[in-house]
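Novice: So here's start.cif, just mmCIF, C-alpha atoms and all ligand atoms:
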data_my_file
loop_
_atom_site.label_atom_id
_atom_site.label_comp_id
_atom_site.auth_asym_id
_atom_site.auth_seq_id
_atom_site.Cartn_x
_atom_site.Cartn_y
_atom_site.Cartn_z
CA MET A 621 184.33 178.40 152.89
CA LYS A 622 181.47 176.03 153.64
CA LYS A 623 180.66 174.93 157.19
CA ILE A 624 181.27 171.21 157.64
CA ALA A 625 180.03 169.03 160.50
CA VAL A 626 181.47 165.54 161.00
CA VAL A 627 179.37 163.11 163.07
CA GLY A 628 181.51 160.44 164.76
CA ALA A 629 185.19 160.38 165.68
CA GLY A 630 186.10 156.81 164.79
CA ILE A 631 188.64 156.00 162.07
CA SER A 632 186.57 157.51 159.25
CA GLY A 633 185.55 160.74 161.07
CA LEU A 634 189.09 161.38 162.24
CA SER A 635 190.65 160.63 158.87
CA MET A 636 188.14 162.99 157.24
CA ALA A 637 189.10 165.68 159.75
CA ASN A 638 192.78 165.14 158.92
CA TYR A 639 192.17 165.53 155.20
CA LEU A 640 190.06 168.67 155.78
CA GLU A 641 192.77 170.02 158.07
CA LYS A 642 195.35 169.39 155.35
CA HIS A 643 193.31 171.48 152.90
CA ASN A 644 192.60 174.23 155.45
CA ILE A 645 188.88 173.53 155.33
CA ASP A 646 187.05 174.34 158.54
CA TYR A 647 185.00 171.64 160.27
CA HIS A 648 183.72 170.51 163.64
CA ILE A 649 183.40 166.91 164.89
CA TYR A 650 180.62 165.72 167.20
CA GLU A 651 181.31 162.44 168.98
CA ARG A 652 178.92 160.50 171.22
CA ARG A 653 181.52 158.74 173.39
CA LYS A 654 183.68 160.15 176.14
CA LYS A 655 187.13 161.26 174.99
CA ASP A 656 189.02 158.37 176.60
CA ASP A 657 186.43 155.69 176.11
CA LEU A 658 188.29 153.80 173.42
CA ALA A 659 187.01 150.26 173.39
CA GLY A 660 188.12 148.21 170.46
CA HIS A 661 190.18 145.69 168.72
CA GLY A 662 193.02 145.93 166.22
CA PHE A 663 193.28 146.31 162.50
CA LEU A 664 195.15 144.56 159.74
CA ILE A 665 195.92 147.27 157.22
CA PRO A 666 197.19 146.44 153.72
CA GLN A 667 199.87 148.57 152.02
CA GLU A 668 197.34 150.83 150.30
CA GLY A 669 195.91 151.85 153.68
CA ILE A 670 199.39 152.69 154.97
CA GLU A 671 199.93 154.88 151.91
CA TYR A 672 196.71 156.82 152.54
CA LEU A 673 197.61 157.17 156.22
CA SER A 674 201.01 158.55 155.30
CA HIS A 675 199.28 161.49 153.50
CA ILE A 676 197.86 162.74 156.78
CA ILE A 677 199.93 161.55 159.72
CA ASP A 678 203.52 161.20 160.78
CA SER A 679 204.48 157.73 159.47
CA SER A 680 207.23 157.30 162.07
CA LEU A 681 204.62 157.67 164.83
CA LEU A 682 202.47 155.09 163.06
CA PHE A 683 205.35 152.62 162.78
CA GLN A 684 206.18 152.99 166.47
CA HIS A 685 202.67 151.91 167.40
CA GLY A 686 202.22 148.93 165.11
CA THR A 687 204.06 146.07 163.41
CA PHE A 688 204.72 145.06 159.82
CA LEU A 689 203.90 141.37 159.49
CA LYS A 690 206.40 139.04 157.84
CA LYS A 691 204.47 135.94 156.98
CA TYR A 692 200.93 134.58 157.13
CA ILE A 693 200.95 131.00 158.43
CA GLN A 694 197.80 128.95 158.29
CA TYR A 695 197.64 126.03 160.76
CA SER A 696 195.19 123.26 161.54
CA HIS A 697 193.77 123.62 165.02
CA LYS A 698 196.28 121.09 166.29
CA GLY A 699 199.20 123.04 164.82
CA LYS A 700 200.01 121.39 161.48
CA ILE A 701 201.14 123.97 158.91
CA LEU A 702 198.60 124.05 156.06
CA ALA A 703 199.94 126.97 154.03
CA GLU A 704 202.30 129.94 154.24
CA LYS A 705 202.55 133.23 152.43
CA GLU A 706 205.05 136.11 152.64
CA LEU A 707 203.26 139.36 153.43
CA ASN A 708 204.03 142.53 151.55
CA ASN A 709 203.64 145.56 153.82
CA VAL A 710 200.67 144.33 155.83
CA PHE A 711 200.55 146.27 159.08
CA VAL A 712 198.82 145.61 162.38
CA ILE A 713 197.86 148.25 164.95
CA SER A 714 195.38 148.51 167.81
CA ARG A 715 192.29 150.66 167.28
CA GLN A 716 193.20 152.70 170.33
CA SER A 717 196.65 153.57 168.91
CA LEU A 718 195.30 154.49 165.48
CA ILE A 719 192.66 156.76 167.00
CA TYR A 720 195.33 158.35 169.19
CA ILE A 721 197.55 159.01 166.14
CA LEU A 722 194.70 160.36 164.01
CA SER A 723 193.72 162.72 166.85
CA GLN A 724 197.16 164.36 167.01
CA ASN A 725 196.48 166.95 164.29
CA ILE A 726 193.01 167.88 165.52
CA LEU A 727 192.79 170.88 167.84
CA PRO A 728 190.75 170.10 170.98
CA GLU A 729 188.26 172.90 170.19
CA LYS A 730 187.38 171.12 166.95
CA ILE A 731 185.87 168.07 168.66
CA THR A 732 182.93 168.01 171.04
CA TYR A 733 182.67 164.71 172.91
CA GLU A 734 179.61 163.21 174.60
CA THR A 735 177.38 164.78 171.98
CA ALA A 736 175.14 162.59 169.85
CA VAL A 737 173.54 163.80 166.64
CA SER A 738 170.42 162.34 165.07
CA LEU A 739 167.95 163.04 162.28
CA SER A 740 164.95 165.19 163.25
CA ASP A 741 161.45 163.70 163.10
CA SER A 742 160.78 165.71 159.95
CA LYS A 743 163.84 163.91 158.47
CA LYS A 744 165.05 167.21 157.07
CA THR A 745 167.61 168.39 159.61
CA LEU A 746 170.18 166.96 161.97
CA VAL A 747 169.66 167.71 165.65
CA PHE A 748 171.43 167.33 168.99
CA SER A 749 169.74 165.31 171.74
CA ASP A 750 168.07 168.45 173.18
CA GLY A 751 166.46 169.11 169.79
CA THR A 752 168.75 172.04 168.81
CA PRO A 753 169.49 171.91 165.08
CA LEU A 754 173.03 171.24 163.91
CA GLU A 755 173.82 174.08 161.52
CA SER A 756 176.08 173.11 158.64
CA ASP A 757 176.36 173.32 154.86
CA ILE A 758 177.53 169.71 154.67
CA ALA A 759 177.13 166.98 157.31
CA ILE A 760 179.56 164.09 156.98
CA ILE A 761 178.18 161.06 158.79
CA SER A 762 180.83 158.68 160.10
CA GLU A 763 178.88 157.08 162.96
CA GLY A 764 179.69 153.45 162.18
CA SER A 765 178.00 150.36 160.73
CA LYS A 766 174.75 150.70 162.66
CA SER A 767 174.30 154.36 161.68
CA ARG A 768 170.95 155.59 162.98
CA ILE A 769 170.95 158.60 160.67
CA ARG A 770 171.30 156.27 157.67
CA LYS A 771 168.53 154.03 158.98
CA ALA A 772 166.21 157.01 159.55
CA LEU A 773 166.96 158.48 156.13
CA PHE A 774 166.70 155.29 154.07
CA LYS A 775 163.78 153.63 155.74
CA ASP A 776 163.72 150.60 153.41
CA GLU A 777 167.25 149.56 154.24
CA ARG A 778 167.72 146.05 155.54
CA ILE A 779 170.66 145.30 157.79
CA ARG A 780 171.29 141.67 158.62
CA ALA A 781 173.51 139.75 160.99
CA VAL A 782 176.40 138.02 159.21
CA ARG A 783 176.92 134.31 159.98
CA GLU A 784 179.97 135.07 162.07
CA PHE A 785 180.92 136.70 165.33
CA GLU A 786 184.31 137.48 166.81
CA VAL A 787 185.86 137.49 170.23
CA VAL A 788 188.85 139.84 170.34
CA ASN A 789 191.35 140.60 173.05
CA ILE A 790 194.63 142.45 173.56
CA ILE A 791 196.99 141.08 176.19
CA GLN A 792 200.55 141.59 177.43
CA SER A 793 202.88 138.60 177.39
CA LYS A 794 206.65 138.53 176.91
CA LYS A 795 206.63 134.74 176.67
CA ILE A 796 204.01 134.55 173.91
CA ALA A 797 205.48 137.54 172.06
CA ALA A 798 208.81 135.71 171.87
CA CYS A 799 207.16 132.65 170.23
CA ILE A 800 205.33 134.41 167.43
CA GLU A 801 207.86 136.96 166.14
CA ASN A 802 206.19 139.15 163.52
CA ASN A 803 204.20 136.40 161.90
CA PHE A 804 200.46 136.34 161.52
CA MET A 805 199.42 132.93 162.81
CA LYS A 806 195.94 131.65 162.15
CA PHE A 807 194.64 128.28 163.38
CA HIS A 808 191.62 126.65 161.68
CA HIS A 809 189.33 123.96 163.03
CA GLU A 810 189.31 120.95 160.70
CA ASP A 811 185.49 121.14 160.39
CA GLY A 812 185.54 124.83 159.37
CA GLY A 813 183.70 127.74 160.95
CA LEU A 814 186.13 128.33 163.81
CA THR A 815 189.51 130.06 163.71
CA PHE A 816 191.99 131.63 166.10
CA GLY A 817 194.38 134.38 164.95
CA ILE A 818 197.45 135.70 166.77
CA LEU A 819 199.33 138.92 165.96
CA LYS A 820 202.10 140.77 167.73
CA LEU A 821 201.91 144.49 168.45
CA PRO A 822 204.89 146.45 169.83
CA ALA A 823 206.04 146.10 173.46
CA ASP A 824 205.11 142.44 173.99
CA THR A 825 201.46 143.15 173.29
CA ILE A 826 199.46 140.39 171.63
CA LEU A 827 196.25 140.80 169.69
CA TRP A 828 194.23 137.61 169.48
CA TYR A 829 190.89 137.04 167.88
CA SER A 830 188.62 134.11 167.27
CA GLN A 831 185.97 133.84 164.58
CA PHE A 832 182.91 131.67 165.10
CA ASP A 833 180.23 130.35 162.77
CA SER A 834 177.23 131.78 164.63
CA GLU A 835 175.01 128.89 163.55
CA LYS A 836 177.28 126.31 165.18
CA TYR A 837 178.48 128.32 168.17
CA LYS A 838 175.92 130.06 170.32
CA ILE A 839 176.66 132.50 173.06
CA GLY A 840 174.35 135.20 174.43
CA ASP A 841 175.20 138.85 173.75
CA LYS A 842 175.01 139.78 177.38
CA CYS A 843 177.07 136.93 178.86
CA SER A 844 179.31 137.81 181.82
CA VAL A 845 183.09 137.98 181.58
CA GLU A 846 183.29 134.74 183.60
CA THR A 847 180.81 132.90 181.32
CA LEU A 848 182.69 134.03 178.20
CA LYS A 849 186.01 132.91 179.68
CA LYS A 850 184.62 129.45 180.51
CA TYR A 851 183.07 129.19 177.05
CA MET A 852 186.35 130.07 175.36
CA GLN A 853 188.31 127.62 177.51
CA ALA A 854 185.86 124.82 176.68
CA VAL A 855 185.84 125.52 172.91
CA PHE A 856 189.63 125.80 172.55
CA LYS A 857 190.82 123.27 175.13
CA ASP A 858 192.01 120.67 172.58
CA TRP A 859 193.74 123.17 170.28
CA HIS A 860 197.47 123.64 169.81
CA PRO A 861 199.05 124.38 173.24
CA LEU A 862 199.87 127.99 172.20
CA VAL A 863 196.18 128.72 171.54
CA ALA A 864 194.98 126.88 174.65
CA SER A 865 197.51 128.72 176.82
CA ILE A 866 196.59 132.15 175.40
CA ILE A 867 192.93 131.46 176.07
CA LYS A 868 193.68 130.22 179.57
CA GLU A 869 196.06 133.01 180.61
CA SER A 870 194.19 135.95 179.09
CA CYS A 871 192.57 138.54 181.27
CA TYR A 872 188.99 138.85 180.02
CA ARG A 873 188.18 142.25 181.51
CA ASN A 874 188.68 144.01 178.16
CA VAL A 875 187.60 141.22 175.87
CA HIS A 876 185.12 142.17 173.10
CA LEU A 877 182.43 140.11 171.51
CA TRP A 878 181.52 141.55 168.10
CA ARG A 879 178.41 140.65 166.17
CA VAL A 880 178.94 141.45 162.51
CA TYR A 881 176.29 143.14 160.33
CA GLU A 882 175.97 143.95 156.66
CA LEU A 883 173.49 145.79 154.49
CA GLU A 884 171.49 143.61 152.12
CA GLU A 885 171.96 146.38 149.58
CA LEU A 886 173.96 149.58 149.75
CA ASN A 887 172.00 152.82 150.16
CA PRO A 888 172.94 155.96 148.28
CA PHE A 889 176.05 157.49 149.88
CA TYR A 890 174.36 160.93 150.18
CA GLU A 891 171.03 162.68 150.39
CA ASN A 892 170.85 166.46 149.95
CA ASN A 893 173.78 167.79 152.00
CA ILE A 894 174.18 164.69 154.21
CA VAL A 895 176.96 162.34 153.09
CA PHE A 896 178.06 159.01 154.56
CA ILE A 897 181.61 157.69 154.85
CA GLY A 898 183.27 154.61 156.37
CA ASP A 899 181.11 151.93 157.95
CA ALA A 900 178.14 154.32 158.04
CA ALA A 901 178.12 154.27 154.22
CA HIS A 902 179.11 150.64 153.76
CA PRO A 903 179.69 148.16 156.61
CA LEU A 904 182.42 145.73 155.45
CA ILE A 905 182.76 142.40 157.18
CA PRO A 906 186.04 141.89 159.07
CA PHE A 907 187.21 139.14 156.66
CA THR A 908 188.00 141.79 154.07
CA SER A 909 190.44 143.71 156.37
CA GLN A 910 189.43 146.70 154.23
CA GLY A 911 187.34 148.75 156.70
CA VAL A 912 190.14 151.17 157.62
CA THR A 913 191.56 151.51 154.11
CA SER A 914 188.08 152.12 152.69
CA ALA A 915 187.38 154.77 155.34
CA LEU A 916 190.66 156.50 154.43
CA LYS A 917 189.90 156.38 150.72
CA ASP A 918 186.37 157.72 151.30
CA SER A 919 187.85 160.67 153.20
CA PHE A 920 190.51 161.32 150.58
CA ILE A 921 188.11 161.19 147.61
CA LEU A 922 185.37 163.21 149.33
CA THR A 923 187.86 165.94 150.28
CA LYS A 924 189.20 165.97 146.73
CA TYR A 925 185.75 166.62 145.23
CA LEU A 926 184.78 169.10 147.93
CA THR A 927 187.84 171.14 147.03
CA GLU A 928 187.48 170.75 143.24
CA GLU A 929 183.74 171.28 142.81
CA ARG A 930 181.88 174.51 143.55
CA ASN A 931 178.57 172.69 143.64
CA ILE A 932 178.11 170.42 146.69
CA THR A 933 175.70 168.01 144.99
CA GLU A 934 178.14 167.55 142.12
CA ALA A 935 180.95 166.82 144.60
CA LEU A 936 178.85 164.24 146.48
CA LYS A 937 177.72 162.63 143.23
CA LYS A 938 181.30 162.22 142.04
CA TYR A 939 182.34 160.85 145.44
CA GLU A 940 179.64 158.18 145.29
CA ALA A 941 180.34 157.30 141.67
CA GLU A 942 184.03 156.77 142.43
CA ARG A 943 183.69 154.85 145.70
CA LYS A 944 180.69 152.56 145.20
CA PRO A 945 182.12 150.12 142.62
CA GLU A 946 185.18 149.41 144.76
CA ILE A 947 183.07 148.92 147.88
CA GLU A 948 180.80 146.49 146.00
CA PHE A 949 183.90 144.56 144.96
CA HIS A 950 185.00 144.23 148.63
CA ILE A 951 181.48 143.27 149.75
CA ASN A 952 181.48 140.40 147.25
CA ASN A 953 184.99 139.35 148.25
CA GLY A 954 183.94 139.48 151.91
CA ARG A 955 181.04 137.12 151.19
CA ALA A 956 183.40 134.72 149.38
CA LEU A 957 185.86 134.84 152.30
CA LEU A 958 182.99 134.17 154.73
CA ASN A 959 181.85 131.13 152.70
CA GLN A 960 185.42 129.84 152.68
CA PHE A 961 185.68 130.31 156.46
CA LEU A 962 182.60 128.11 156.94
CA LEU A 963 184.26 125.23 155.03
CA PRO A 964 186.88 122.79 156.35
CA PRO A 965 190.36 124.16 155.51
CA ASP A 966 191.08 121.29 153.07
CA GLN A 967 188.27 122.70 150.89
CA HIS A 968 189.65 126.26 150.85
CA SER A 969 190.70 127.79 147.56
CA LYS A 970 194.35 128.64 146.93
CA ASN A 971 194.04 132.31 147.90
CA ILE A 972 194.59 131.83 151.59
CA LEU A 973 195.03 135.45 152.67
CA PRO A 974 192.24 136.77 154.89
CA ILE A 975 192.30 140.12 153.07
CA SER A 976 190.24 141.38 150.12
CA TYR A 977 192.54 142.76 147.40
CA LYS A 978 191.36 144.50 144.29
C1 LIG B 1001 185.84 142.36 164.92
C2 LIG B 1001 186.23 143.31 163.86
C3 LIG B 1001 187.47 143.22 163.26
C4 LIG B 1001 187.85 144.12 162.26
N1 LIG B 1001 189.05 144.00 161.70
C5 LIG B 1001 189.46 144.88 160.77
C6 LIG B 1001 190.75 144.81 160.21
O1 LIG B 1001 191.54 143.91 160.53
N2 LIG B 1001 191.11 145.75 159.29
C7 LIG B 1001 190.25 146.75 158.89
O2 LIG B 1001 190.63 147.58 158.06
N3 LIG B 1001 189.01 146.83 159.40
C8 LIG B 1001 188.59 145.93 160.32
N4 LIG B 1001 187.34 146.02 160.84
C9 LIG B 1001 186.45 147.07 160.34
C10 LIG B 1001 186.79 148.39 161.00
O3 LIG B 1001 186.69 148.26 162.40
C11 LIG B 1001 185.83 149.47 160.55
O4 LIG B 1001 185.69 149.46 159.16
C12 LIG B 1001 186.31 150.85 160.97
O5 LIG B 1001 186.57 150.88 162.34
C13 LIG B 1001 185.22 151.83 160.60
O6 LIG B 1001 185.40 153.01 161.27
P1 LIG B 1001 184.25 154.10 161.32
O7 LIG B 1001 184.90 155.32 161.82
O8 LIG B 1001 183.51 154.17 160.02
O9 LIG B 1001 183.20 153.55 162.38
P2 LIG B 1001 183.37 153.35 163.95
O10 LIG B 1001 184.74 152.89 164.27
O11 LIG B 1001 182.22 152.50 164.37
O12 LIG B 1001 183.21 154.81 164.57
C14 LIG B 1001 181.97 155.46 164.69
C15 LIG B 1001 182.08 156.57 165.72
O13 LIG B 1001 180.87 157.33 165.72
C16 LIG B 1001 180.43 157.56 167.05
N5 LIG B 1001 178.98 157.72 166.99
C17 LIG B 1001 178.05 156.76 166.78
N6 LIG B 1001 176.83 157.30 166.74
C18 LIG B 1001 176.98 158.64 166.93
C19 LIG B 1001 176.07 159.73 166.95
N7 LIG B 1001 174.76 159.56 166.75
N8 LIG B 1001 176.55 160.98 167.17
C20 LIG B 1001 177.91 161.18 167.34
N9 LIG B 1001 178.80 160.17 167.32
C21 LIG B 1001 178.34 158.91 167.10
C22 LIG B 1001 180.88 156.30 167.80
O14 LIG B 1001 180.98 156.54 169.19
C23 LIG B 1001 182.25 156.03 167.15
O15 LIG B 1001 183.29 156.72 167.79
C24 LIG B 1001 186.94 145.12 161.85
C25 LIG B 1001 185.68 145.24 162.45
C26 LIG B 1001 185.33 144.33 163.44
C27 LIG B 1001 183.96 144.46 164.07
#
Go through the file and emit its structure as structure tokens.
Specialist:
Amino acid sequence: MKKIAVVGAGISGLSMANYLEKHNIDYHIYERRKKDDLAGHGFLIPQEGIEYLSHIIDSSLLFQHGTFLKKYIQYSHKGKILAEKELNNVFVISRQSLIYILSQNILPEKITYETAVSLSDSKKTLVFSDGTPLESDIAIISEGSKSRIRKALFKDERIRAVREFEVVNIIQSKKIAACIENNFMKFHHEDGGLTFGILKLPADTILWYSQFDSEKYKIGDKCSVETLKKYMQAVFKDWHPLVASIIKESCYRNVHLWRVYELEELNPFYENNIVFIGDAAHPLIPFTSQGVTSALKDSFILTKYLTEERNITEALKKYEAERKPEIEFHINNGRALLNQFLLPPDQHSKNILPISYK
């Protein structure tokens, strides 16, 4: 069987490894971070993503670590209900938990941590940081939205900052958990371009996130924890008391500020024996809530063609042909959801769900 190298052990690299494992295909993962360095936020995952996850992991473990949401409730920033929608099997889980679950089936000797891979200067081979070549028949690149291998390979690519950034935090609070049940609450500023979402994870854990129009709200990338806390308190001080109290009581040590990027145009998903999956192939903006599901589908489809086709190029060609149209659909939906976010809520269209569905 062919030798497969996977670069990156985020959601896409680990789901790929699980699918390869399921088909008894040998592989090795190289991951830049330390094993326990699991910074991150949480994911909303639609039903389709849960179905793909259930092919490769123990669903009961998944359900212990996350929550099915009952209802999406859209509020004005002062707390008036603007719209409500029942949710059908939309799940929420922290990134840390999902990575933990996806790692369960991977033997420790199949992952090397603290090892970065890049493209050689000749652009023909992949190399480790000491210049040693990475030997493989197929290299599956799952190194995230700012993939350096992709950038080095497709030198004309243009990545641009999206007009939105997010501040995300996970906190523990029995009191707040009791108020929100399993609903997905999202507060919207009446002028548009500023929202605050609240979701409950198991064990009184709360995931909150705020989305900012980066043209209206400016904050430096390297601001200190204290500066960010003061900024958040000032921006949200007049909001509904639940939002203001979450902002005030949160510990900011683990808070994340995410700048969001997208490709002006998608690159090919492969070149020779190097193939891209997940955000490395196609960054999707958070509004779509499709990043995880798309990474899972990439892994599933790529594994399918790698097992069905004798010829690697044919397998990669079929993978790209099957995945690209759907990704383009979500990119367009993401842009529409971004434009809607920038508008006052009374100008939003009827589809209020912050998820891109096909
Ligand atoms: C704020 C925010 C909110 C989001 N919300 C949602 C949501 O609700 N639902 C959803 O489905 N999606 C969401 N997404 C998108 C989702 O996070 C991504 O689509 C998903 O995490 C992609 O996973 P990935 O494995 O492709 O990339 P990543 O998670 O970025 O993983 C890449 C991995 O590669 C490693 N790596 C990088 N470079 C190298 C290298 N050179 N060598 C070796 N290893 C390397 C990194 O350390 C990392 O572990 C959100 C994204 C953001 C920013």
Novice: Identify which of the residues A:Glu869, A:Ile631, A:Phe774, A:Leu877 lies closest to A:Ser914, counting only C-alpha atoms when measuring atom-to-atom distances.
Specialist: A:Ile631
Novice: For a quick check of understanding, using all atoms listed in the file, which of A:Ile839, A:Ile731, A:Asn953, A:Tyr890 has the smallest distance to A:Lys938?
Specialist: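 With all atoms listed in the file as the atom set, the closest residue is A:Tyr890.
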Novice: So how far away is atom CA of A:Ser696 from atom CA of A:Lys850, in Å?
Specialist: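 Distance reported for this atom pair: 22.6 Å.
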Novice: By how many Å are atom CA of A:Ile676 and atom CA of A:Asn789 apart?
Specialist: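 These two atoms are separated by 28.2 Å.
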Novice: So that each row is one residue of stretch 728-842 of chain A with an atom at most 10 Å from stretch 656-668 of chain A, can you give its shortest atom pair and the distance in Å to one decimal, using all atoms listed in the file, rows by chain and rising number, as a tab-separated table?
Specialist:
residue	atom	partner	partner_atom	distance
A:Tyr733	CA	A:Asp656	CA	9.7
A:Val787	CA	A:His661	CA	9.4
A:Val788	CA	A:His661	CA	6.2
A:Asn789	CA	A:His661	CA	6.8
A:Ile790	CA	A:His661	CA	7.3
A:Phe804	CA	A:Leu664	CA	9.9
A:Leu819	CA	A:Leu664	CA	9.4
A:Leu821	CA	A:Gly662	CA	9.3
A:Leu827	CA	A:Gly662	CA	7.0
A:Trp828	CA	A:Gly662	CA	9.0
A:Tyr829	CA	A:His661	CA	8.7
Novice: Could you jot down the atom O4 of ligand LIG 1001 (chain B) to atom CA of A:Phe961 separation for me, Å, one decimal place?
Specialist: 19.3 Å
Novice: Measuring atom to atom with only C-alpha atoms and all ligand atoms, identify which of A:Gln792, A:Thr927, A:Ser762, A:Ser635 is nearest to ligand LIG 1001 (chain B).
Specialist: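 Result for the nearest residue to ligand LIG 1001 (chain B): A:Ser762.
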Novice: Residues contacting ligand LIG 1001 (chain B) - anything with an atom at most 7 Å away, using all atoms listed in the file - can you give me those as an NGL selection string?
Specialist: :A and (627-633 or 650-653 or 661-665 or 735-738 or 762-765 or 767-768 or 786 or 788 or 878 or 880 or 897-900 or 903-906 or 909-913 or 915)
Novice: Neighbouring residues of A:Tyr872 were defined as those with any atom within 8 Å, considering only C-alpha atoms; residues of the same chain fewer than 6 positions away were excluded. Please report them as a VMD selection string.
Specialist: chain A and resid 789 845 to 846 849
Novice: Between A:Cys799, A:Ile693, A:Ile932, A:Leu702, which has the minimum distance to A:Pro965 (counting all atoms listed in the file)?
Specialist: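 Distance minimum relative to A:Pro965 lands on A:Leu702.
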Novice: Give me the residues near A:Tyr851 as a list in words, where near means some atom within 12 Å (using only C-alpha atoms) and where sequence neighbours in that chain fewer than 3 positions away do not count.
Specialist: Val787, Tyr837, Lys838, Ile839, Gly840, Cys843, Ser844, Val845, Glu846, Thr847, Leu848, Ala854, Val855, Phe856, Lys857, Ile867, Lys868 and Tyr872 of chain A
Novice: Pull the neighbourhood of (198.0, 160.3, 166.2) for me: all residues within 12 Å in file coordinates, counting only C-alpha atoms, as a ChimeraX atom specification.
Specialist: /A:631,634-635,638,673-674,676-685,715-727
Novice: Under the rule that all atoms listed in the file are counted, which of A:Leu862, A:Leu916, A:Leu883, A:Val747 is the nearest residue to A:Tyr672?
Specialist: A:Leu916
Novice: I'd like the neighbourhood of A:Tyr881 as a PyMOL selection string, where a residue qualifies if any of its atoms comes within 7 Å (using all atoms listed in the file), though same-chain residues fewer than 4 positions away should be ignored.
Specialist: chain A and resi 779-782
